[in-house]
Structure formats: C-alpha cells, structure tokens
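S.K.: This is the content of structure-v1.txt (compact mmCIF, C-alpha atoms):
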```txt
# COMPACT_ATOMS: atom_id res chain seq x y z
CA MET W 1 -19.45 47.34 16.54
CA ASN W 2 -22.96 46.86 17.83
CA THR W 3 -24.23 44.09 20.10
CA LYS W 4 -25.58 41.95 17.24
CA GLN W 5 -22.24 42.02 15.42
CA ALA W 6 -20.39 41.21 18.64
CA LYS W 7 -22.74 38.33 19.33
CA ASP W 8 -22.26 36.86 15.86
CA ILE W 9 -18.52 36.90 16.39
CA LEU W 10 -18.70 35.55 19.94
CA LEU W 11 -20.86 32.67 18.76
CA LEU W 12 -17.59 30.92 17.94
CA TYR W 13 -15.58 32.15 20.92
CA ARG W 14 -13.95 29.55 23.19
CA GLU W 15 -12.49 30.71 26.46
CA SER W 16 -8.72 30.21 26.71
CA VAL W 17 -8.48 28.68 23.21
CA ASP W 18 -9.41 31.81 21.27
CA ASP W 19 -8.15 34.46 23.66
CA GLY W 20 -5.15 35.18 21.46
CA ASP W 21 -7.23 35.43 18.28
CA PRO W 22 -7.52 39.11 17.23
CA GLN W 23 -10.95 38.60 15.62
CA PHE W 24 -12.49 38.11 19.06
CA ARG W 25 -10.74 40.90 20.99
CA GLN W 26 -12.99 43.73 19.89
CA ALA W 27 -16.12 41.69 20.45
CA LEU W 28 -14.92 40.68 23.93
CA ALA W 29 -14.21 44.31 24.72
CA HIS W 30 -17.74 45.17 23.62
CA ALA W 31 -19.16 42.44 25.86
CA GLN W 32 -17.39 43.93 28.87
CA GLY W 33 -19.46 47.07 28.47
CA ASP W 34 -22.74 45.28 27.81
CA PRO W 35 -24.03 43.29 30.82
CA GLU W 36 -26.68 41.48 28.78
CA LEU W 37 -24.13 40.37 26.16
CA ALA W 38 -21.69 39.41 28.90
CA GLN W 39 -24.36 37.23 30.51
CA TRP W 40 -25.17 35.63 27.12
CA LEU W 41 -21.46 34.94 26.64
CA ARG W 42 -21.22 33.31 30.08
CA GLU W 43 -24.15 31.04 29.22
CA GLN W 44 -22.57 30.20 25.87
CA THR W 45 -19.25 29.40 27.52
CA SER W 46 -20.96 27.27 30.13
CA CYS W 47 -22.86 25.37 27.42
CA TYR W 48 -19.66 24.97 25.40
CA ASN W 49 -17.84 23.54 28.41
CA ALA W 50 -20.71 21.17 29.18
CA ILE W 51 -20.75 19.79 25.61
CA ARG W 52 -16.96 19.55 25.57
CA SER W 53 -16.91 17.63 28.85
CA LYS W 54 -19.65 15.32 27.65
CA LEU W 55 -17.80 14.52 24.43
CA ARG W 56 -14.59 13.94 26.34
CA GLU W 57 -16.30 11.33 28.48
CA ALA W 58 -15.82 8.81 25.70
CA GLU W 59 -12.98 6.55 26.73
CA PRO W 60 -11.15 4.31 24.30
CA PRO W 61 -10.92 0.55 24.97
CA THR W 62 -8.35 -0.10 27.68
CA ASP W 63 -6.09 -2.13 25.42
CA LEU W 64 -6.24 0.18 22.41
CA SER W 65 -2.88 1.86 22.91
CA GLU W 66 -1.17 -1.49 23.54
CA ARG W 67 -2.84 -2.93 20.46
CA ILE W 68 -1.63 -0.06 18.33
CA ILE W 69 1.91 -0.34 19.66
CA ARG W 70 1.96 -4.13 19.39
CA HIS W 71 0.72 -4.09 15.80
CA ARG W 72 2.98 -1.32 14.70
CA PRO W 73 4.12 -2.07 11.17
CA ILE W 74 7.81 -2.09 10.42
CA PRO W 75 8.06 0.62 7.83
CA PHE W 76 10.02 0.14 4.67
CA ARG W 77 11.61 3.50 4.29
CA ARG W 78 12.78 4.09 0.79
CA ASP W 79 16.33 5.32 0.65
CA TRP W 80 16.54 6.20 -3.03
CA MET W 81 20.35 6.28 -3.05
CA GLN W 82 20.38 2.80 -1.58
CA ILE W 83 17.76 1.64 -4.10
CA LEU W 84 19.84 3.08 -6.97
CA LYS W 85 22.94 1.29 -5.67
CA ILE W 86 21.04 -2.00 -5.43
CA ALA W 87 19.55 -1.49 -8.91
CA ALA W 88 23.02 -0.82 -10.33
CA ALA W 89 24.39 -3.94 -8.61
CA VAL W 90 21.51 -6.03 -9.99
CA ILE W 91 22.04 -4.71 -13.53
CA ILE W 92 25.80 -5.38 -13.38
CA SER W 93 25.23 -8.90 -11.98
CA ALA W 94 22.61 -9.63 -14.63
CA SER W 95 24.93 -8.40 -17.39
CA ILE W 96 27.80 -10.57 -16.14
CA THR W 97 25.47 -13.58 -15.86
CA ALA W 98 24.08 -13.01 -19.35
CA ALA W 99 27.57 -12.65 -20.83
CA SER W 100 28.77 -15.79 -19.04
CA LEU W 101 25.74 -17.70 -20.22
CA GLN W 102 26.26 -16.59 -23.79
CA LEU W 103 29.92 -17.60 -23.62
CA TRP W 104 29.01 -20.96 -22.16
CA GLN W 105 26.37 -21.52 -24.85
CA ARG W 106 28.90 -20.64 -27.53
CA GLU W 107 31.36 -23.14 -26.09
CA ARG W 108 28.65 -25.74 -25.80
CA HIS W 109 27.68 -25.35 -29.43
CA SER W 110 31.21 -25.31 -30.74
CA VAL W 111 32.83 -28.37 -32.28
CA ALA W 112 35.29 -30.08 -30.02
CA GLU W 113 38.78 -30.29 -31.42
CA GLU W 114 39.04 -33.01 -34.03
CA ARG W 115 41.26 -35.97 -33.37
CA GLU W 116 42.25 -39.02 -35.31
CA ILE W 117 40.83 -42.26 -33.94
CA THR W 118 40.15 -45.82 -35.01
CA VAL W 119 36.82 -47.33 -34.13
CA LYS W 120 35.83 -50.96 -34.37
CA GLY W 121 32.14 -51.74 -34.33
CA GLU W 122 28.87 -52.52 -36.10
CA VAL W 123 27.74 -50.39 -39.03
CA LEU W 124 24.30 -48.97 -38.27
CA ASP W 125 21.42 -47.55 -40.17
CA MET W 126 21.09 -44.57 -37.79
CA THR W 127 17.44 -43.88 -38.49
CA CYS W 128 16.24 -47.36 -37.59
CA TYR W 129 18.67 -47.64 -34.72
CA ILE W 130 17.78 -44.35 -33.02
CA ALA W 131 14.09 -44.42 -33.83
CA TYR W 132 13.39 -48.14 -33.29
CA ASN W 133 16.54 -49.55 -31.70
CA LEU W 134 16.96 -51.91 -34.65
CA SER W 135 20.42 -53.37 -35.34
CA GLY W 136 22.22 -56.70 -35.69
CA PRO W 137 22.19 -59.40 -38.41
CA GLU W 138 18.37 -59.73 -38.46
CA HIS W 139 18.14 -56.06 -39.45
CA ALA W 140 20.99 -56.24 -41.98
CA LYS W 141 18.87 -56.10 -45.13
CA CYS W 142 16.80 -53.11 -44.00
CA ALA W 143 19.96 -51.36 -42.84
CA ARG W 144 21.69 -51.96 -46.12
CA ASP W 145 18.71 -50.56 -48.07
CA CYS W 146 18.37 -47.54 -45.83
CA ILE W 147 22.09 -46.74 -46.06
CA ARG W 148 22.08 -47.21 -49.77
CA ASN W 149 19.11 -44.90 -50.08
CA GLY W 150 21.05 -42.16 -48.33
CA LEU W 151 19.80 -42.31 -44.76
CA PRO W 152 22.39 -41.53 -42.11
CA VAL W 153 24.92 -44.21 -41.42
CA GLY W 154 26.77 -44.78 -38.16
CA ILE W 155 28.96 -47.12 -36.20
CA LYS W 156 28.50 -48.46 -32.70
CA SER W 157 31.88 -49.06 -31.11
CA GLU W 158 32.69 -51.92 -28.81
CA ASP W 159 32.50 -49.58 -25.84
CA GLY W 160 28.93 -48.57 -26.84
CA THR W 161 29.68 -45.15 -28.32
CA VAL W 162 27.75 -44.43 -31.48
CA TYR W 163 29.28 -42.21 -34.17
CA LEU W 164 27.61 -40.68 -37.14
CA LEU W 165 29.76 -41.50 -40.12
CA SER W 166 30.36 -38.84 -42.71
CA GLY W 167 32.65 -38.23 -45.63
CA LYS W 168 34.52 -35.11 -46.51
CA LEU W 169 32.36 -32.12 -47.39
CA GLY W 170 30.28 -32.96 -50.47
CA HIS W 171 31.24 -36.62 -50.42
CA SER W 172 28.86 -39.28 -49.07
CA VAL W 173 30.19 -42.55 -47.65
CA ASN W 174 26.83 -44.33 -47.84
CA ALA W 175 27.65 -46.25 -51.01
CA GLU W 176 30.91 -47.53 -49.55
CA LEU W 177 29.35 -48.57 -46.26
CA ALA W 178 26.02 -50.04 -47.46
CA ASP W 179 27.54 -53.46 -48.03
CA TYR W 180 28.87 -53.50 -44.47
CA ALA W 181 25.51 -52.82 -42.89
CA ALA W 182 25.17 -54.74 -39.59
CA ARG W 183 28.68 -56.08 -39.92
CA ILE W 184 31.74 -55.40 -37.81
CA VAL W 185 34.28 -53.09 -39.43
CA THR W 186 37.17 -50.90 -38.36
CA ILE W 187 37.03 -47.29 -39.40
CA LYS W 188 39.78 -44.80 -39.10
CA GLY W 189 38.88 -41.16 -39.21
CA LYS W 190 38.60 -37.82 -37.47
CA GLU W 191 36.37 -37.72 -34.45
CA SER W 192 34.48 -34.55 -33.56
CA ILE W 193 31.56 -33.74 -31.29
CA ARG W 194 28.91 -31.17 -32.11
CA ASP W 195 26.17 -30.35 -29.63
CA GLY W 196 26.86 -33.60 -27.85
CA PHE W 197 26.67 -35.76 -30.99
CA ALA W 198 29.77 -37.74 -31.89
CA GLN W 199 30.71 -38.03 -35.49
CA LEU W 200 33.54 -39.66 -37.39
CA GLN W 201 34.74 -38.40 -40.72
CA VAL W 202 35.73 -41.56 -42.51
CA GLU W 203 39.21 -41.84 -43.95
CA GLU W 204 39.67 -45.55 -44.15
CA ILE W 205 37.35 -48.56 -43.87
CA ARG W 206 38.75 -51.95 -42.98
CA LYS W 207 36.69 -55.08 -43.03
CA PHE W 208 37.02 -56.37 -39.54
CA MET M 1 15.22 8.29 21.01
CA SER M 2 14.60 5.09 19.09
CA ALA M 3 11.83 4.94 16.51
CA ASP M 4 9.93 2.43 18.69
CA LEU M 5 9.96 4.67 21.74
CA GLU M 6 9.06 7.70 19.66
CA PHE M 7 6.09 5.83 18.21
CA GLU M 8 5.00 4.63 21.64
CA LYS M 9 5.22 8.14 23.05
CA LEU M 10 3.15 9.52 20.19
CA VAL M 11 0.48 6.86 20.66
CA LYS M 12 0.20 7.53 24.40
CA LEU M 13 -0.03 11.24 23.73
CA TYR M 14 -2.74 11.29 21.08
CA TYR M 15 -4.66 8.03 20.93
CA ARG M 16 -7.39 9.21 23.31
CA ASP M 17 -8.00 12.45 21.41
CA LEU M 18 -8.03 10.63 18.11
CA TYR M 19 -10.38 7.98 19.44
CA ARG M 20 -12.79 10.64 20.71
CA PHE M 21 -12.68 12.42 17.38
CA GLY M 22 -13.36 9.13 15.61
CA PHE M 23 -16.14 8.22 18.02
CA SER M 24 -17.83 11.60 17.60
CA LEU M 25 -17.73 11.13 13.84
CA THR M 26 -18.85 7.52 13.67
CA GLU M 27 -20.87 6.95 16.85
CA SER M 28 -19.25 3.53 16.97
CA GLU M 29 -16.61 2.40 19.45
CA ALA M 30 -15.28 -0.27 17.09
CA ASP M 31 -15.06 2.12 14.13
CA ALA M 32 -13.39 4.77 16.28
CA ALA M 33 -10.81 2.24 17.50
CA ASP M 34 -10.20 1.08 13.92
CA LEU M 35 -9.78 4.63 12.67
CA THR M 36 -7.34 5.40 15.49
CA GLN M 37 -5.34 2.26 14.78
CA GLU M 38 -5.33 2.93 11.04
CA THR M 39 -4.15 6.49 11.64
CA PHE M 40 -1.13 5.32 13.63
CA TYR M 41 -0.51 2.58 11.06
CA ILE M 42 -0.30 5.25 8.36
CA TRP M 43 1.90 7.34 10.62
CA ALA M 44 4.31 4.42 11.06
CA ASN M 45 4.64 4.15 7.30
CA LYS M 46 4.56 7.75 6.22
CA GLY M 47 5.15 9.85 9.31
CA HIS M 48 8.86 10.23 8.53
CA GLN M 49 7.88 12.33 5.52
CA LEU M 50 6.55 15.05 7.80
CA LYS M 51 9.00 17.93 7.68
CA ASN M 52 7.73 19.96 10.63
CA PRO M 53 7.45 17.95 13.88
CA GLY M 54 5.21 20.67 15.31
CA THR M 55 2.40 19.67 12.99
CA VAL M 56 2.17 16.04 14.12
CA LYS M 57 -1.14 16.48 15.92
CA GLY M 58 -2.74 18.19 12.93
CA TRP M 59 -1.35 15.49 10.62
CA LEU M 60 -2.85 12.73 12.75
CA PHE M 61 -6.27 14.38 12.85
CA THR M 62 -6.17 15.05 9.11
CA THR M 63 -5.31 11.41 8.47
CA LEU M 64 -8.07 10.10 10.70
CA HIS M 65 -10.59 12.42 9.04
CA ARG M 66 -9.50 11.29 5.57
CA GLU M 67 -9.80 7.68 6.58
CA PHE M 68 -13.26 8.42 7.95
CA LEU M 69 -14.33 10.08 4.71
CA LYS M 70 -13.22 7.00 2.78
CA THR M 71 -15.77 5.02 4.74
CA CYS M 72 -18.56 7.44 3.79
CA ARG M 73 -19.23 6.14 0.30
CA HIS M 74 -22.36 8.02 -0.47
CA ARG M 75 -21.67 11.37 0.98
CA LYS M 76 -24.10 14.16 0.57
CA HIS M 77 -22.37 17.44 0.02
CA VAL M 78 -24.22 20.30 1.54
CA ALA M 79 -23.63 23.66 -0.05
CA ASP M 80 -21.78 26.19 2.01
CA ASP M 81 -24.43 28.86 1.70
CA PRO M 82 -23.88 31.96 3.73
CA ILE M 83 -25.31 31.37 7.18
CA GLU M 84 -28.72 32.75 7.65
CA GLU M 85 -28.69 31.78 11.27
CA GLY M 86 -26.49 34.12 13.22
CA ALA M 87 -26.23 34.34 16.97
CA ALA M 88 -29.76 35.74 16.96
CA SER M 89 -31.20 32.38 15.95
CA LEU M 90 -29.04 30.49 18.41
CA PRO M 91 -31.35 28.87 20.93
CA ALA M 92 -30.60 29.47 24.57
CA VAL M 93 -29.35 26.17 25.87
CA ALA M 94 -28.48 25.92 29.52
CA SER M 95 -25.55 23.76 30.50
CA ASP M 96 -28.00 21.81 32.70
CA CYS M 97 -29.78 20.73 29.54
CA VAL M 98 -26.54 19.26 28.23
CA ASN M 99 -25.77 17.63 31.54
CA ARG M 100 -29.11 15.84 31.54
CA ILE M 101 -28.28 13.81 28.46
CA ASP M 102 -25.63 11.13 28.26
CA SER M 103 -22.63 11.35 26.00
CA GLN M 104 -24.01 8.65 23.69
CA THR M 105 -27.10 10.75 23.00
CA LEU M 106 -24.96 13.80 22.33
CA VAL M 107 -22.84 11.83 19.85
CA HIS M 108 -26.06 10.59 18.25
CA PHE M 109 -27.17 14.20 17.76
CA LEU M 110 -23.81 14.93 16.16
CA ARG M 111 -24.39 12.08 13.74
CA GLU M 112 -27.51 13.83 12.52
CA ILE M 113 -25.36 16.67 11.25
CA ASP M 114 -23.87 16.34 7.78
CA GLU M 115 -20.29 15.01 7.70
CA ASP M 116 -18.86 18.20 6.22
CA PHE M 117 -20.24 20.14 9.15
CA ARG M 118 -19.81 17.52 11.85
CA ALA M 119 -16.02 17.23 11.67
CA PRO M 120 -15.29 20.94 12.22
CA LEU M 121 -17.86 21.08 15.01
CA VAL M 122 -16.32 18.08 16.78
CA LEU M 123 -12.85 19.61 16.51
CA TYR M 124 -14.28 22.89 17.79
CA TYR M 125 -15.57 21.21 20.92
CA LEU M 126 -13.03 18.50 21.52
CA GLU M 127 -9.67 19.90 20.64
CA ASP M 128 -7.88 23.05 21.59
CA LEU M 129 -7.14 23.79 17.97
CA SER M 130 -7.30 27.29 16.56
CA TYR M 131 -9.64 27.87 13.63
CA LYS M 132 -6.62 28.06 11.36
CA GLU M 133 -5.49 24.65 12.59
CA ILE M 134 -8.98 23.17 12.15
CA ALA M 135 -9.02 24.55 8.60
CA GLY M 136 -5.63 22.91 8.04
CA VAL M 137 -6.80 19.56 9.40
CA LEU M 138 -9.87 19.53 7.18
CA SER M 139 -8.18 21.18 4.19
CA VAL M 140 -10.85 23.84 3.81
CA PRO M 141 -10.54 27.62 3.91
CA LEU M 142 -10.69 29.37 7.26
CA GLY M 143 -13.92 31.21 6.46
CA THR M 144 -15.59 27.98 5.40
CA VAL M 145 -14.60 26.28 8.63
CA GLN M 146 -16.03 29.08 10.72
CA SER M 147 -19.30 29.21 8.84
CA ARG M 148 -19.64 25.42 9.00
CA ILE M 149 -19.01 25.41 12.75
CA ALA M 150 -21.53 28.21 13.28
CA ARG M 151 -24.22 26.41 11.28
CA ALA M 152 -23.53 23.06 12.86
CA LYS M 153 -23.53 24.58 16.33
CA VAL M 154 -26.94 26.14 15.75
CA GLN M 155 -28.24 22.75 14.50
CA LEU M 156 -26.86 20.92 17.51
CA LEU M 157 -28.18 23.38 20.05
CA ARG M 158 -31.59 23.33 18.38
CA ARG M 159 -31.58 19.57 18.62
CA LEU M 160 -30.67 19.77 22.30
CA THR M 161 -33.48 22.23 22.91
CA GLU M 162 -35.99 19.95 21.18
CA THR M 163 -34.96 17.09 23.42
CA ASP M 164 -35.28 19.19 26.51
CA ARG M 165 -38.65 20.72 25.57
CA PRO M 166 -41.02 17.89 26.59
CA ARG M 167 -39.21 17.57 29.90
CA THR M 168 -39.46 21.32 30.53
CA GLN M 169 -43.08 21.42 29.41
CA GLY M 170 -43.93 18.45 31.60
CA LYS M 171 -42.66 20.19 34.70
```
For this file, write the structure as structure tokens.

M.R.:
Amino acid sequence: MNTKQAKDILLLYRESVDDGDPQFRQALAHAQGDPELAQWLREQTSCYNAIRSKLREAEPPTDLSERIIRHRPIPFRRDWMQILKIAAAVIISASITAASLQLWQRERHSVAEEREITVKGEVLDMTCYIAYNLSGPEHAKCARDCIRNGLPVGIKSEDGTVYLLSGKLGHSVNAELADYAARIVTIKGKESIRDGFAQLQVEEIRKF
Amino acid sequence: MSADLEFEKLVKLYYRDLYRFGFSLTESEADAADLTQETFYIWANKGHQLKNPGTVKGWLFTTLHREFLKTCRHRKHVADDPIEEGAASLPAVASDCVNRIDSQTLVHFLREIDEDFRAPLVLYYLEDLSYKEIAGVLSVPLGTVQSRIARAKVQLLRRLTETDRPRTQGK
C-alpha cells in the first residue's frame, strides 16, 4: 500500500467509530510510518470533529419529546387469531339472524288458522271504500254496480273490522251479494288473515 | 416494562439524534420536528413488528429518511459514477475554518448537496454508525454509501474552503 492508497482509504476514517473496521487497519498502520500522512490524518480528524460538533449544536425544541409522548397514538395491533374469532362470531350471528328473519317472514306471510265466525255489518264495494272511503246508503247504487261487475266485495262489521268476502275456490259470491250492497247483513263463514288482510269465506248470507 | 414507558424511554433516547438528522436534511426546525414526531408515530404503530430490538436505532433513522424522501417530490437522482476525486483532491480545511461558521451556515452548505449524497454524509458526521449500518439505514449497498460519502465530503469541504477564501485573502 502506498501513501496515496492509504490516504484514499483514510478519507473516510473516523476515530473511535471505525477503529474496529478491518478496511482501515492497514491504512492506519501505513500512516504510523509516514509522518506527513499522519499529520494529514490528524488534520482530517480535527476537521471531522469540528463539523460533527457544529452539526450536533442543533437542539430540538424544548417541548418536542413531551409533544411526541403526549401525542402518541394508541396502536391497533392486529391479532389475527382474535380477528378470525371475531369474524367467525359475526358470521354465525349473521346466519342466525338471517335464519330467524326468514322464519319470521314465513310466519308473517302464512295464513292464520281458519275459524268459523258470524259477522254482522254493511256490505261494501271494497274498491270504492278503500280508495275513496265511499259507503252507506248514498253510495248503494254505485256499490251494487261495482259488485255486480266483479269488483271485490267486503263487509264492515259493527266493531269496524273489514273483511274481504270470497266464495269457495272458483266460485264468486258477487252475484249473491250485489243486491245487499250498502245494506246490513249477517254472514257466516270461515275467517282467515293473509298478510294482515282479513277475509271471510262466505258460507251463509242472512238478511239482517 | 409497560408499552407507554418503553415508548417514553425510546423517545428520550433518540429524539435529539433524529431531530438533528432531520434538521441537517431539511435545514428547517419545524420540518425536523415534524419528521421526528412522524417517525415516532410510525414506530408506535409498526414498531412491534421489529424482530430484532438491537436494530431500533437503525429502524428509526431509516423511517425518518423515508419520510424525508416522501417530501422531496422532484428529486434529482445523481448517478453514482466512480469518484474521480480521491483524497488527493480533498481541500485542506482547518478545523478553525469550520469553527468560524455557525451551524446554520454549515447546514445550509449541506443542503446544497444532492439528497442522495447528503443523507449518508450527515449520518457519517452525526451518528456513530458503521458504514454497514449507514448502508442499512439508507438501503443502499456498502460500496455506494462509501463512494457517496467520499464525494459529498469533498463537495462540503470545497464549499467550506470557498467561504473561507475571501477572509483568508483579506488578511
């Protein structure tokens, strides 16, 4: 190793920091035998220390450490096992909820058990009644025509419940009830409720 | 030790060094403080992922440097050509010359050096990190780090000599 090579290596040498680095050992050994190189190295070290000291003069704001500690975020550490457990619990809960909901919907849509009842009340043309709240003797003619023409027919009981009147499957009761439009009759039949609507399957019609 | 105390201890231990590193890179007290704070913020969220506790210091410096690079939107990459300037072209700078300028001026001279070269030079001066550790912090090969430091050092010392010349000539 000549002086130039040693100098190029020692350009990066830092006293105490790089003493253990093998790349500098040979160059340092060379400098020990070369007074001029040793002097150059001393100047370099002195300059290095001066720059280092100057850069280390910079002091952070007095409250910086407190600010960092105070504003420390609370980390959300992901425990994947825990996340999997939670996900499984959510899926199971959602499945149970969905099944319950479906069951409830099915029950809601089902027809309540039929029962035999007798209802006394006014025969209604359901279309005019529901759409326009028309009923009573002054609406009798229109109701009669509507019922005769096949529009839905109903009965409003004395307690205010309105039933859709129907015959057995395939058999309309409109013709039988048209003449009783807006009049009080007693109807015996099977009551059932579908989706919240009450209906009465007519078995017997009695004039008042 | 609780996580809070561990965090506090870590902050007390490294916040000054990180701030100085940040200040030497940015030449701005506010930016250096922000970078330091951001570094510890990231540590609080991700530090637990670090497998080897012995590499905490390097991790913190790497993080601060990465955060700094994010702020340099239009970076100019200077090619790592083999250094033409060896020790022979290194100007003789007396420590007195350095002592005559204030630290702000010195940091300003550092700012004139390209970012890719500035960071290794700052770590070379400020921190007692081996070249291997500096290479690890900056994620560049060892040889690249050494050549960058050598080039940047020559640039800085030349700049210091230029500043000192009129004063010397005037005497």

S.K.: How many Å lie between CA of Ser139 (chain M) and CA of Phe40 (chain M), rounded to one decimal?

M.R.: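 We find that CA of Ser139 (chain M) and CA of Phe40 (chain M) lie 19.8 Å from each other.
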
S.K.: Dump as JSON, numbers by chain the residues of chain M that approach chain W to within 8 Å, counting all atoms listed in the file.

M.R.: {"M": [7, 8, 11, 12, 15, 16, 19, 20, 23, 24, 29, 33, 37, 40, 41, 44, 45, 86, 87, 88, 93, 94, 95, 98, 99, 102, 103, 106, 107, 125, 126, 128, 129, 130, 146, 149, 150]}

S.K.: Output C-alpha atoms of each residue in that selection to a file, as a CSV table (one decimal), in the coordinates of the input.

M.R.:
```
chain,number,residue,atom,x,y,z
M,7,PHE,CA,6.1,5.8,18.2
M,8,GLU,CA,5.0,4.6,21.6
M,11,VAL,CA,0.5,6.9,20.7
M,12,LYS,CA,0.2,7.5,24.4
M,15,TYR,CA,-4.7,8.0,20.9
M,16,ARG,CA,-7.4,9.2,23.3
M,19,TYR,CA,-10.4,8.0,19.4
M,20,ARG,CA,-12.8,10.6,20.7
M,23,PHE,CA,-16.1,8.2,18.0
M,24,SER,CA,-17.8,11.6,17.6
M,29,GLU,CA,-16.6,2.4,19.4
M,33,ALA,CA,-10.8,2.2,17.5
M,37,GLN,CA,-5.3,2.3,14.8
M,40,PHE,CA,-1.1,5.3,13.6
M,41,TYR,CA,-0.5,2.6,11.1
M,44,ALA,CA,4.3,4.4,11.1
M,45,ASN,CA,4.6,4.2,7.3
M,86,GLY,CA,-26.5,34.1,13.2
M,87,ALA,CA,-26.2,34.3,17.0
M,88,ALA,CA,-29.8,35.7,17.0
M,93,VAL,CA,-29.4,26.2,25.9
M,94,ALA,CA,-28.5,25.9,29.5
M,95,SER,CA,-25.6,23.8,30.5
M,98,VAL,CA,-26.5,19.3,28.2
M,99,ASN,CA,-25.8,17.6,31.5
M,102,ASP,CA,-25.6,11.1,28.3
M,103,SER,CA,-22.6,11.4,26.0
M,106,LEU,CA,-25.0,13.8,22.3
M,107,VAL,CA,-22.8,11.8,19.8
M,125,TYR,CA,-15.6,21.2,20.9
M,126,LEU,CA,-13.0,18.5,21.5
M,128,ASP,CA,-7.9,23.0,21.6
M,129,LEU,CA,-7.1,23.8,18.0
M,130,SER,CA,-7.3,27.3,16.6
M,146,GLN,CA,-16.0,29.1,10.7
M,149,ILE,CA,-19.0,25.4,12.8
M,150,ALA,CA,-21.5,28.2,13.3
```

S.K.: For the atom pair CA of Glu133 (chain M) and CA of Arg111 (chain M), what is the interatomic distance in Å to one decimal place?

M.R.: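 So the two atoms, CA of Glu133 (chain M) and CA of Arg111 (chain M), lie 22.7 Å apart.
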
S.K.: Distance CA of Asp63 (chain W)-CA of Thr62 (chain M), one decimal place?

M.R.: 23.7 Å

S.K.: Ile205 (chain W): which residues within 8 Å, counting all atoms listed in the file, same-chain residues fewer than 4 positions away excluded, as a PDB file with C-alpha atoms, in the coordinates of the input?

M.R.:
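Saved result, part-v2.pdb, follows:
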```pdb
ATOM      1  CA  VAL W 185      34.280 -53.090 -39.430  1.00  0.00           C
ATOM      2  CA  THR W 186      37.170 -50.900 -38.360  1.00  0.00           C
ATOM      3  CA  ILE W 187      37.030 -47.290 -39.400  1.00  0.00           C
ATOM      4  CA  LYS W 188      39.780 -44.800 -39.100  1.00  0.00           C
TER       5      LYS W 188
END
```

S.K.: Using all atoms listed in the file, can you tell me which of W:Asn133, W:Thr127, W:Ser93, W:Gln39 comes closest to Gly154 (chain W)?

M.R.: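 That would be W:Thr127, the residue with the smallest distance to Gly154 (chain W).
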